[in-house]
$ cat entry.txt   # compact mmCIF, C-alpha atoms
# COMPACT_ATOMS: atom_id res chain seq x y z
CA MET A 92 117.31 110.62 115.95
CA LYS A 93 116.83 111.62 112.28
CA ASP A 94 120.05 109.84 111.36
CA ASP A 95 118.55 106.55 112.45
CA ILE A 96 115.41 106.83 110.36
CA PRO A 97 116.76 105.69 106.97
CA LEU A 98 118.39 102.63 108.50
CA ALA A 99 115.34 101.82 110.59
CA LEU A 100 113.05 102.07 107.55
CA ILE A 101 115.35 99.74 105.64
CA ALA A 102 115.60 97.34 108.58
CA VAL A 103 111.81 97.14 108.84
CA PHE A 104 110.74 97.04 105.20
CA VAL A 105 113.45 94.98 103.46
CA PRO A 106 112.63 91.79 105.41
CA PHE A 107 108.93 92.26 104.67
CA SER A 108 109.79 92.68 101.00
CA LEU A 109 111.55 89.32 101.04
CA VAL A 110 108.80 87.36 102.79
CA SER A 111 105.72 88.94 101.21
CA ILE A 112 104.75 85.85 99.26
CA GLY A 113 101.27 86.19 97.88
CA GLY A 114 101.47 89.93 97.61
CA GLY A 115 101.71 93.06 99.70
CA THR A 116 98.55 92.44 101.66
CA SER A 117 100.08 89.37 103.27
CA VAL A 118 102.52 91.49 105.31
CA ILE A 119 100.27 94.38 106.38
CA ALA A 120 99.60 92.87 109.79
CA GLY A 121 103.33 92.41 110.28
CA ILE A 122 104.09 95.99 109.27
CA GLN A 123 101.43 97.21 111.66
CA HIS A 124 102.96 95.30 114.53
CA GLU A 125 106.46 96.56 113.76
CA ALA A 126 105.52 100.23 113.11
CA VAL A 127 102.94 100.64 115.87
CA ASP A 128 103.79 98.24 118.71
CA VAL A 129 107.54 97.80 118.40
CA ARG A 130 108.89 101.10 117.06
CA HIS A 131 106.04 103.48 118.00
CA TRP A 132 106.33 105.32 114.72
CA LEU A 133 102.61 105.97 114.74
CA THR A 134 99.50 105.23 116.79
CA ALA A 135 97.07 102.46 115.89
CA ARG A 136 94.55 105.10 114.81
CA GLU A 137 97.09 106.79 112.52
CA PHE A 138 97.99 103.41 111.04
CA ILE A 139 94.36 102.66 110.19
CA ASP A 140 94.06 106.07 108.53
CA LEU A 141 97.18 105.49 106.44
CA PHE A 142 95.90 102.04 105.50
CA ALA A 143 92.60 103.52 104.32
CA ILE A 144 94.45 106.19 102.31
CA SER A 145 96.63 103.60 100.59
CA ARG A 146 93.52 101.64 99.64
CA ALA A 147 91.77 104.72 98.25
CA ALA A 148 94.80 105.78 96.20
CA PRO A 149 95.75 104.13 92.91
CA GLY A 150 98.54 101.59 92.79
CA PRO A 151 99.50 98.54 94.87
CA GLY A 152 98.02 98.36 98.36
CA SER A 153 101.48 98.16 99.86
CA MET A 154 102.05 101.86 99.04
CA LEU A 155 101.20 102.00 102.74
CA SER A 156 104.97 101.82 103.29
CA THR A 157 105.37 105.07 101.33
CA LEU A 158 102.99 106.79 103.72
CA ILE A 159 104.77 105.48 106.80
CA GLY A 160 108.06 106.79 105.42
CA TRP A 161 106.40 110.11 104.59
CA HIS A 162 104.89 110.33 108.07
CA LEU A 163 108.34 109.80 109.65
CA TRP A 164 110.64 111.80 107.45
CA GLY A 165 108.90 113.56 104.52
CA TRP A 166 110.10 113.01 100.96
CA PRO A 167 113.35 111.13 101.70
CA GLY A 168 111.50 108.87 104.13
CA ALA A 169 108.79 108.16 101.55
CA LEU A 170 111.36 107.31 98.89
CA ILE A 171 113.46 105.08 101.14
CA ALA A 172 110.44 103.20 102.51
CA THR A 173 109.02 102.65 99.00
CA LEU A 174 112.30 101.31 97.63
CA ALA A 175 112.96 99.22 100.74
CA LEU A 176 109.62 97.44 100.31
CA PHE A 177 109.49 97.13 96.53
CA LEU A 178 113.06 96.86 95.29
CA PRO A 179 114.40 93.66 96.97
CA SER A 180 111.46 91.51 95.83
CA SER A 181 111.65 93.03 92.35
CA LEU A 182 115.32 92.12 92.05
CA ILE A 183 114.52 88.52 92.93
CA CYS A 184 111.73 88.52 90.39
CA TYR A 185 114.08 89.96 87.78
CA GLY A 186 116.59 87.17 88.38
CA VAL A 187 113.91 84.50 88.11
CA ALA A 188 112.44 86.09 84.96
CA LEU A 189 115.91 86.18 83.41
CA ILE A 190 116.55 82.47 84.02
CA TRP A 191 112.99 81.74 82.95
CA ARG A 192 113.35 83.31 79.53
CA ARG A 193 116.72 81.69 78.83
CA HIS A 194 115.12 78.26 78.95
CA ARG A 195 112.16 79.03 76.79
CA GLY A 196 111.02 76.18 74.54
CA LYS A 197 112.37 73.38 76.72
CA ARG A 198 109.94 70.73 77.81
CA TRP A 199 110.20 71.44 81.54
CA HIS A 200 109.68 75.15 80.79
CA THR A 201 106.45 74.47 78.94
CA ALA A 202 105.29 72.14 81.71
CA LEU A 203 106.02 74.79 84.35
CA GLU A 204 104.27 77.45 82.32
CA GLN A 205 101.17 75.36 81.69
CA GLY A 206 101.15 73.90 85.18
CA LEU A 207 101.46 77.23 86.99
CA ALA A 208 98.98 79.21 84.90
CA PRO A 209 95.84 77.66 86.47
CA VAL A 210 97.32 78.16 89.97
CA GLY A 211 97.81 81.85 89.13
CA ILE A 212 94.19 82.16 88.01
CA GLY A 213 92.98 80.40 91.16
CA LEU A 214 94.92 82.95 93.20
CA VAL A 215 93.45 85.86 91.22
CA LEU A 216 89.95 84.56 91.99
CA ALA A 217 90.79 84.07 95.67
CA GLY A 218 92.19 87.61 95.79
CA ALA A 219 89.07 89.00 94.12
CA LEU A 220 86.92 87.24 96.70
CA SER A 221 88.89 88.65 99.62
CA VAL A 222 88.62 92.22 98.26
CA LEU A 223 84.88 91.79 97.77
CA ARG A 224 84.60 90.64 101.38
CA ILE A 225 86.43 93.70 102.79
CA GLY A 226 83.71 96.05 101.54
CA SER A 227 80.79 96.04 103.96
CA ASN A 228 78.17 96.02 101.22
CA GLY A 229 78.04 92.27 100.62
CA PRO A 230 75.80 91.29 97.71
CA LEU A 231 75.98 94.73 96.06
CA SER A 232 79.77 94.42 95.68
CA PHE A 233 79.32 91.08 93.93
CA ILE A 234 76.61 92.46 91.64
CA ILE A 235 78.78 95.43 90.64
CA ALA A 236 81.83 93.23 90.09
CA PHE A 237 79.96 90.76 87.87
CA GLY A 238 78.13 93.60 86.14
CA SER A 239 81.34 95.38 85.20
CA ALA A 240 82.93 92.11 84.06
CA GLY A 241 79.85 91.50 81.90
CA LEU A 242 80.00 94.99 80.40
CA LEU A 243 83.71 94.60 79.69
CA SER A 244 83.40 91.26 77.94
CA TRP A 245 80.56 92.69 75.87
CA ARG A 246 82.53 95.87 75.00
CA PRO A 247 86.25 95.14 75.62
CA ARG A 248 87.37 98.66 74.67
CA LEU A 249 85.08 100.33 77.17
CA HIS A 250 87.25 102.44 79.44
CA PRO A 251 87.51 100.96 82.96
CA LEU A 252 87.35 104.43 84.54
CA LEU A 253 83.79 104.72 83.21
CA LEU A 254 82.95 101.48 85.03
CA PHE A 255 84.55 102.83 88.20
CA LEU A 256 82.38 105.94 87.92
CA ILE A 257 79.24 103.84 87.51
CA GLY A 258 80.22 101.54 90.40
CA GLY A 259 80.99 104.46 92.70
CA THR A 260 77.74 106.22 91.80
CA ILE A 261 75.60 103.14 92.41
CA PHE A 262 77.21 102.69 95.83
CA ILE A 263 76.59 106.33 96.77
CA VAL A 264 72.94 106.07 95.71
CA TYR A 265 72.54 102.82 97.65
CA HIS A 266 74.18 104.38 100.69
CA ALA A 267 71.95 107.47 100.47
CA LEU A 268 68.80 105.38 100.11
CA SER A 269 69.56 103.04 103.00
CA ALA A 270 70.52 106.04 105.19
CA ALA A 271 67.19 107.69 104.37
CA GLN A 272 65.25 104.62 105.43
CA PRO A 273 63.88 104.99 108.97
CA GLY A 274 65.11 102.51 111.51
CA SER A 275 68.35 101.58 109.78
CA MET B 680 116.28 90.50 65.95
CA THR B 681 113.85 90.63 63.08
CA ASP B 682 110.95 91.76 65.21
CA GLU B 683 112.90 94.77 66.45
CA ALA B 684 110.40 97.15 64.84
CA HIS B 685 107.51 95.63 66.79
CA ARG B 686 109.21 95.77 70.15
CA PRO B 687 108.03 98.64 72.31
CA SER B 688 110.64 101.23 73.31
CA ILE B 689 111.75 101.84 76.89
CA ALA B 690 109.64 105.00 76.87
CA ASP B 691 106.58 103.04 75.67
CA ILE B 692 107.01 100.56 78.53
CA PHE B 693 107.41 103.34 81.09
CA LEU B 694 104.35 105.21 79.83
CA VAL B 695 102.06 102.18 79.70
CA PHE B 696 102.94 101.15 83.25
CA PHE B 697 102.76 104.75 84.44
CA ARG B 698 99.20 104.86 83.15
CA ILE B 699 98.33 101.51 84.72
CA GLY B 700 99.76 102.66 88.07
CA LEU B 701 97.92 105.95 88.10
CA LEU B 702 94.54 104.67 86.88
CA SER B 703 94.34 101.48 88.89
CA PHE B 704 92.01 102.56 91.66
CA GLY B 705 90.52 99.93 93.91
CA GLY B 706 92.99 97.15 93.11
CA GLY B 707 92.46 94.81 90.19
CA LEU B 708 95.81 95.83 88.77
CA SER B 709 96.45 92.54 87.03
CA GLY B 710 93.24 93.19 85.10
CA TRP B 711 94.61 96.54 83.94
CA VAL B 712 97.92 95.02 82.91
CA PHE B 713 96.14 92.28 80.96
CA ARG B 714 93.99 94.85 79.18
CA GLU B 715 96.81 97.24 78.29
CA VAL B 716 99.59 94.77 77.52
CA VAL B 717 97.82 91.71 76.09
CA LEU B 718 94.43 92.87 74.77
CA LEU B 719 95.21 96.34 73.46
CA ARG B 720 98.90 96.06 72.50
CA GLY B 721 99.67 92.38 72.00
CA TRP B 722 103.10 92.68 73.62
CA LEU B 723 102.62 89.29 75.28
CA ASP B 724 100.48 86.30 74.43
CA GLU B 725 98.03 84.91 76.96
CA ASP B 726 100.22 81.95 77.99
CA GLU B 727 103.16 84.22 78.74
CA PHE B 728 100.93 86.57 80.70
CA MET B 729 99.27 83.81 82.74
CA SER B 730 102.54 82.13 83.68
CA GLY B 731 104.10 85.51 84.57
CA LEU B 732 101.07 86.16 86.73
CA ALA B 733 101.51 82.85 88.51
CA MET B 734 105.23 83.45 88.97
CA GLY B 735 104.61 86.94 90.34
CA GLN B 736 102.20 85.56 92.89
CA MET B 737 104.53 82.86 94.10
CA LEU B 738 107.61 85.01 94.50
CA PRO B 739 107.79 87.50 97.36
CA GLY B 740 106.72 91.05 96.64
CA ALA B 741 103.60 92.81 95.42
CA ASN B 742 102.08 90.67 92.65
CA ILE B 743 101.78 93.63 90.39
CA THR B 744 105.36 94.91 90.62
CA ASN B 745 106.54 91.36 89.97
CA LEU B 746 104.31 91.13 86.92
CA ALA B 747 105.62 94.50 85.70
CA VAL B 748 109.25 93.42 86.16
CA TYR B 749 108.55 90.13 84.36
CA ILE B 750 106.92 91.88 81.40
CA GLY B 751 109.55 94.64 81.24
CA GLN B 752 112.32 92.04 81.32
CA LYS B 753 110.67 90.07 78.53
CA LEU B 754 110.28 93.13 76.30
CA ARG B 755 113.54 94.99 76.86
CA GLY B 756 115.76 93.21 79.40
CA ALA B 757 117.09 95.03 82.45
CA LEU B 758 116.19 98.51 81.21
CA GLY B 759 112.70 97.35 80.32
CA ALA B 760 112.23 95.89 83.80
CA ALA B 761 113.47 99.12 85.40
CA ALA B 762 111.17 101.21 83.18
CA ALA B 763 108.16 99.07 84.08
CA PHE B 764 109.02 99.15 87.79
CA MET B 765 109.47 102.93 87.92
CA GLY B 766 106.57 103.61 85.60
CA LEU B 767 104.25 101.54 87.76
CA LEU B 768 105.28 103.06 91.10
CA SER B 769 106.05 106.72 90.37
CA GLY B 770 102.44 107.76 89.78
CA PRO B 771 101.02 106.08 92.92
CA PHE B 772 104.00 107.40 94.92
CA PHE B 773 102.91 111.01 94.44
CA ALA B 774 99.19 110.19 94.38
CA VAL B 775 99.20 108.46 97.75
CA ILE B 776 101.11 111.32 99.39
CA ALA B 777 98.78 113.90 97.82
CA LEU B 778 95.77 111.93 99.02
CA ALA B 779 97.18 111.83 102.54
CA GLY B 780 97.14 115.64 102.43
CA VAL B 781 93.43 115.89 101.67
CA TYR B 782 92.25 112.72 103.41
CA VAL B 783 91.10 114.44 106.59
CA LEU B 784 88.82 116.64 104.47
CA LEU B 785 87.51 113.72 102.41
CA ARG B 786 86.79 111.57 105.41
CA ARG B 787 84.27 114.10 106.68
CA TYR B 788 82.31 113.57 103.51
CA ALA B 789 79.97 110.67 104.28
CA TYR B 790 79.86 109.34 100.73
CA PHE B 791 83.61 108.95 100.31
CA ALA B 792 83.88 105.44 101.79
CA PRO B 793 80.93 103.92 99.87
CA ALA B 794 82.18 105.51 96.65
CA MET B 795 85.57 103.87 97.15
CA ASP B 796 83.88 100.52 97.85
CA GLY B 797 81.95 100.88 94.60
CA VAL B 798 85.13 101.64 92.66
CA ALA B 799 86.85 98.64 94.25
CA ALA B 800 83.94 96.36 93.30
CA SER B 801 84.03 97.45 89.66
CA ALA B 802 87.81 97.00 89.62
CA ILE B 803 87.20 93.37 90.56
CA GLY B 804 85.27 93.09 87.30
CA LEU B 805 88.57 93.71 85.48
CA MET B 806 90.12 90.80 87.36
CA PHE B 807 87.18 88.58 86.43
CA ILE B 808 87.99 89.19 82.76
CA VAL B 809 91.50 87.79 83.28
CA ALA B 810 90.12 84.94 85.37
CA GLY B 811 87.50 84.14 82.73
CA ARG B 812 90.18 83.75 80.08
CA GLY B 813 92.24 81.61 82.43
CA VAL B 814 89.32 79.36 83.28
CA ARG B 815 88.58 78.83 79.59
CA ARG B 816 92.22 77.88 78.93
CA ALA B 817 92.36 75.58 81.95
CA ALA B 818 89.14 73.87 80.89
CA ARG B 819 91.02 72.26 77.98
CA HIS B 820 92.73 69.91 80.45
CA PRO B 821 90.89 68.35 83.40
CA THR B 822 94.02 68.47 85.60
CA ALA B 823 94.53 72.18 84.91
CA LEU B 824 90.92 72.91 85.81
CA ALA B 825 91.27 70.82 88.97
CA ALA B 826 94.41 72.79 89.94
CA LEU B 827 92.59 76.08 89.41
CA ILE B 828 89.62 75.02 91.53
CA ALA B 829 91.82 73.52 94.26
CA THR B 830 93.83 76.75 94.52
CA PHE B 831 90.73 78.91 94.70
CA VAL B 832 89.02 76.71 97.29
CA GLY B 833 92.17 76.33 99.39
CA VAL B 834 93.14 80.00 99.51
CA GLY B 835 89.83 81.78 98.91
CA LEU B 836 87.34 79.63 100.81
CA LEU B 837 89.33 77.58 103.33
CA HIS B 838 91.90 80.34 103.99
CA LEU B 839 94.81 77.90 103.98
CA SER B 840 98.32 79.30 103.76
CA LEU B 841 98.85 80.73 100.28
CA PRO B 842 102.50 79.68 99.82
CA LEU B 843 101.64 76.15 100.97
CA VAL B 844 98.67 75.77 98.63
CA ALA B 845 100.53 77.34 95.71
CA ALA B 846 103.55 75.08 96.22
CA GLY B 847 101.49 71.91 96.72
CA VAL B 848 98.93 72.37 93.97
CA GLY B 849 101.57 73.96 91.73
CA THR B 850 103.84 70.92 91.98
CA LEU B 851 101.03 68.47 91.15
CA SER B 852 99.82 70.66 88.32
CA VAL B 853 103.31 70.96 86.80
CA ILE B 854 103.79 67.17 87.01
CA ALA B 855 100.47 66.70 85.23
CA ALA B 856 101.49 69.19 82.52
CA TRP B 857 104.83 67.38 82.15
CA ARG B 858 103.11 64.05 81.65
CA ARG B 859 100.69 65.61 79.20
CA SER B 860 103.58 66.93 77.14
CA ALA B 861 105.11 63.45 76.85
CA GLY B 862 102.72 62.70 74.01
CA ASP B 863 103.62 65.92 72.18
CA GLU B 864 107.31 65.13 71.89
CA ARG B 865 108.47 64.29 68.45
$ encode --input "entry.txt" --output "structure tokens"
Amino acid sequence: MKDDIPLALIAVFVPFSLVSIGGGTSVIAGIQHEAVDVRHWLTAREFIDLFAISRAAPGPGSMLSTLIGWHLWGWPGALIATLALFLPSSLICYGVALIWRRHRGKRWHTALEQGLAPVGIGLVLAGALSVLRIGSNGPLSFIIAFGSAGLLSWRPRLHPLLLFLIGGTIFIVYHALSAAQPGS
Amino acid sequence: MTDEAHRPSIADIFLVFFRIGLLSFGGGLSGWVFREVVLLRGWLDEDEFMSGLAMGQMLPGANITNLAVYIGQKLRGALGAAAAFMGLLSGPFFAVIALAGVYVLLRRYAYFAPAMDGVAASAIGLMFIVAGRGVRRAARHPTALAALIATFVGVGLLHLSLPLVAAGVGTLSVIAAWRRSAGDER
């Protein structure tokens, strides 16, 4: 059984690496289906726990794959799953970046660069909106996000971890206050 | 290369991305990269960063590893890309496994989830800084601004397929930029 694990991890995660256009979050539902329903690597409850852990930890959200590998086969499983999800897409990106830089200064290059930049920013904004929606705190999330952006543009060298501390504290206080209110 | 002295070393690249990986709680990683690489160190100019960001989002893979590979490749070729890739992922690799070990304990603590939500919300502020710069740049050309808004509305509000919107709007936007550049040619 153990002999099959490395191959199975590769078979599951490499295809997701190659189709995860728009970022790691776009394939989480697919990974869930494959790991829980098809291969029975973990229960739905365990999957949700691992998902929450990967969101609470630093780094890309798709570190979820690391945890699934870890859950199945300890350190080697974690390493194989991480590489299987991140390496194939990175190699593609490397190839594209290489071609990209070779043609710097040409007219079509400049047009691509200037044409794609606003699309990238639109996607960043859409991504920000979807993260703000995941949190159950609605307006407060938006206030904190705009507040920290305001603070940062006012004092660009302010350390972001300080902002995280403030944001976390405000949420805890809000949570404590609304829990203390009778009838809620 | 005359600018050899100003190019960061492989170790510099690894360390900067290691720090970004380890400190980037709650998402908003592109905001961290922008801050560390463009604002604080000037390794890339804004145009290069923005187009790398767009490319990273259109190719398969986590946006942030793509951006790291793109920046590493630009600074130091294959070794630079490898350093950025490993720097970015090695910290979170151990952090996420360590967190899995203590998660059961943390979950019992009622304030853990709201605290993480608060951290995530402030991390979005970092992304807004990048977006703010991008909006200001796009505002110089009406077509660029239109492309930005169309992408945001399509993906963020209407929840249309991201690859479809990016390809469609991207194509129109690139054609507009191409036409714009016709006047600039000597």
$ residues_near_point --input "entry.txt" --point "(111.3, 110.7, 95.7)" --cutoff "12 Å" --atoms "all atoms listed in the file" --output "list in words"
Thr157, Gly160, Trp161, Trp164, Gly165, Trp166, Pro167, Gly168, Ala169, Leu170, Ile171, Ala172, Thr173 and Leu174 of chain A; Met765, Leu768, Ser769, Gly770, Pro771, Phe772, Phe773 and Ile776 of chain B
$ closest_residue --input "entry.txt" --among "A:Gly152, A:Gly121, A:Pro179, A:Gly258" --to "Pro739 in chain B" --atoms "only C-alpha atoms"
A:Pro179
$ closest_residue --input "entry.txt" --among "B:Ala774, B:Ala792, B:Leu718, B:Ala826" --to "Leu702 in chain B" --atoms "all atoms listed in the file"
B:Ala774
$ residues_around --input "entry.txt" --residues "Ala779 in chain B" --least-positions-apart "6" --cutoff "8 Å" --atoms "only C-alpha atoms" --output "list in words"
Leu141, Ile144 and Leu158 of chain A
$ write_last_selection --input "entry.txt" --atoms "C-alpha atoms" --output "CSV table (one decimal), in the frame of the given file"
chain,number,residue,atom,x,y,z
A,141,LEU,CA,97.2,105.5,106.4
A,144,ILE,CA,94.4,106.2,102.3
A,158,LEU,CA,103.0,106.8,103.7
$ closest_residue --input "entry.txt" --among "A:Val222, A:Gly206, A:Gly238, A:Leu268" --to "His820 in chain B" --atoms "all atoms listed in the file"
A:Gly206
$ residues_around --input "entry.txt" --residues "Ala208 in chain A" --least-positions-apart "3" --cutoff "7 Å" --atoms "all atoms listed in the file" --output "list of chain:residue names"
A:Glu204, A:Gln205, A:Gly211, A:Ile212, B:Met729, B:Ser730, B:Ala733
$ closest_residue --input "entry.txt" --among "A:Ala120, A:Leu216, A:His266, A:Phe255" --to "Leu243 in chain A" --atoms "all atoms listed in the file"
A:Phe255
$ residues_around --input "entry.txt" --residues "range 191-200 of chain A" --least-positions-apart "2" --cutoff "9 Å" --atoms "only C-alpha atoms" --output "JSON, numbers by chain"
{"A": [186, 187, 188, 189, 202, 203, 204, 205], "B": [752, 753, 853, 857, 860, 861, 864]}
$ closest_residue --input "entry.txt" --among "A:Thr134, A:Ser244, A:Ser269, A:Ser156" --to "chain B" --atoms "all atoms listed in the file"
A:Ser244
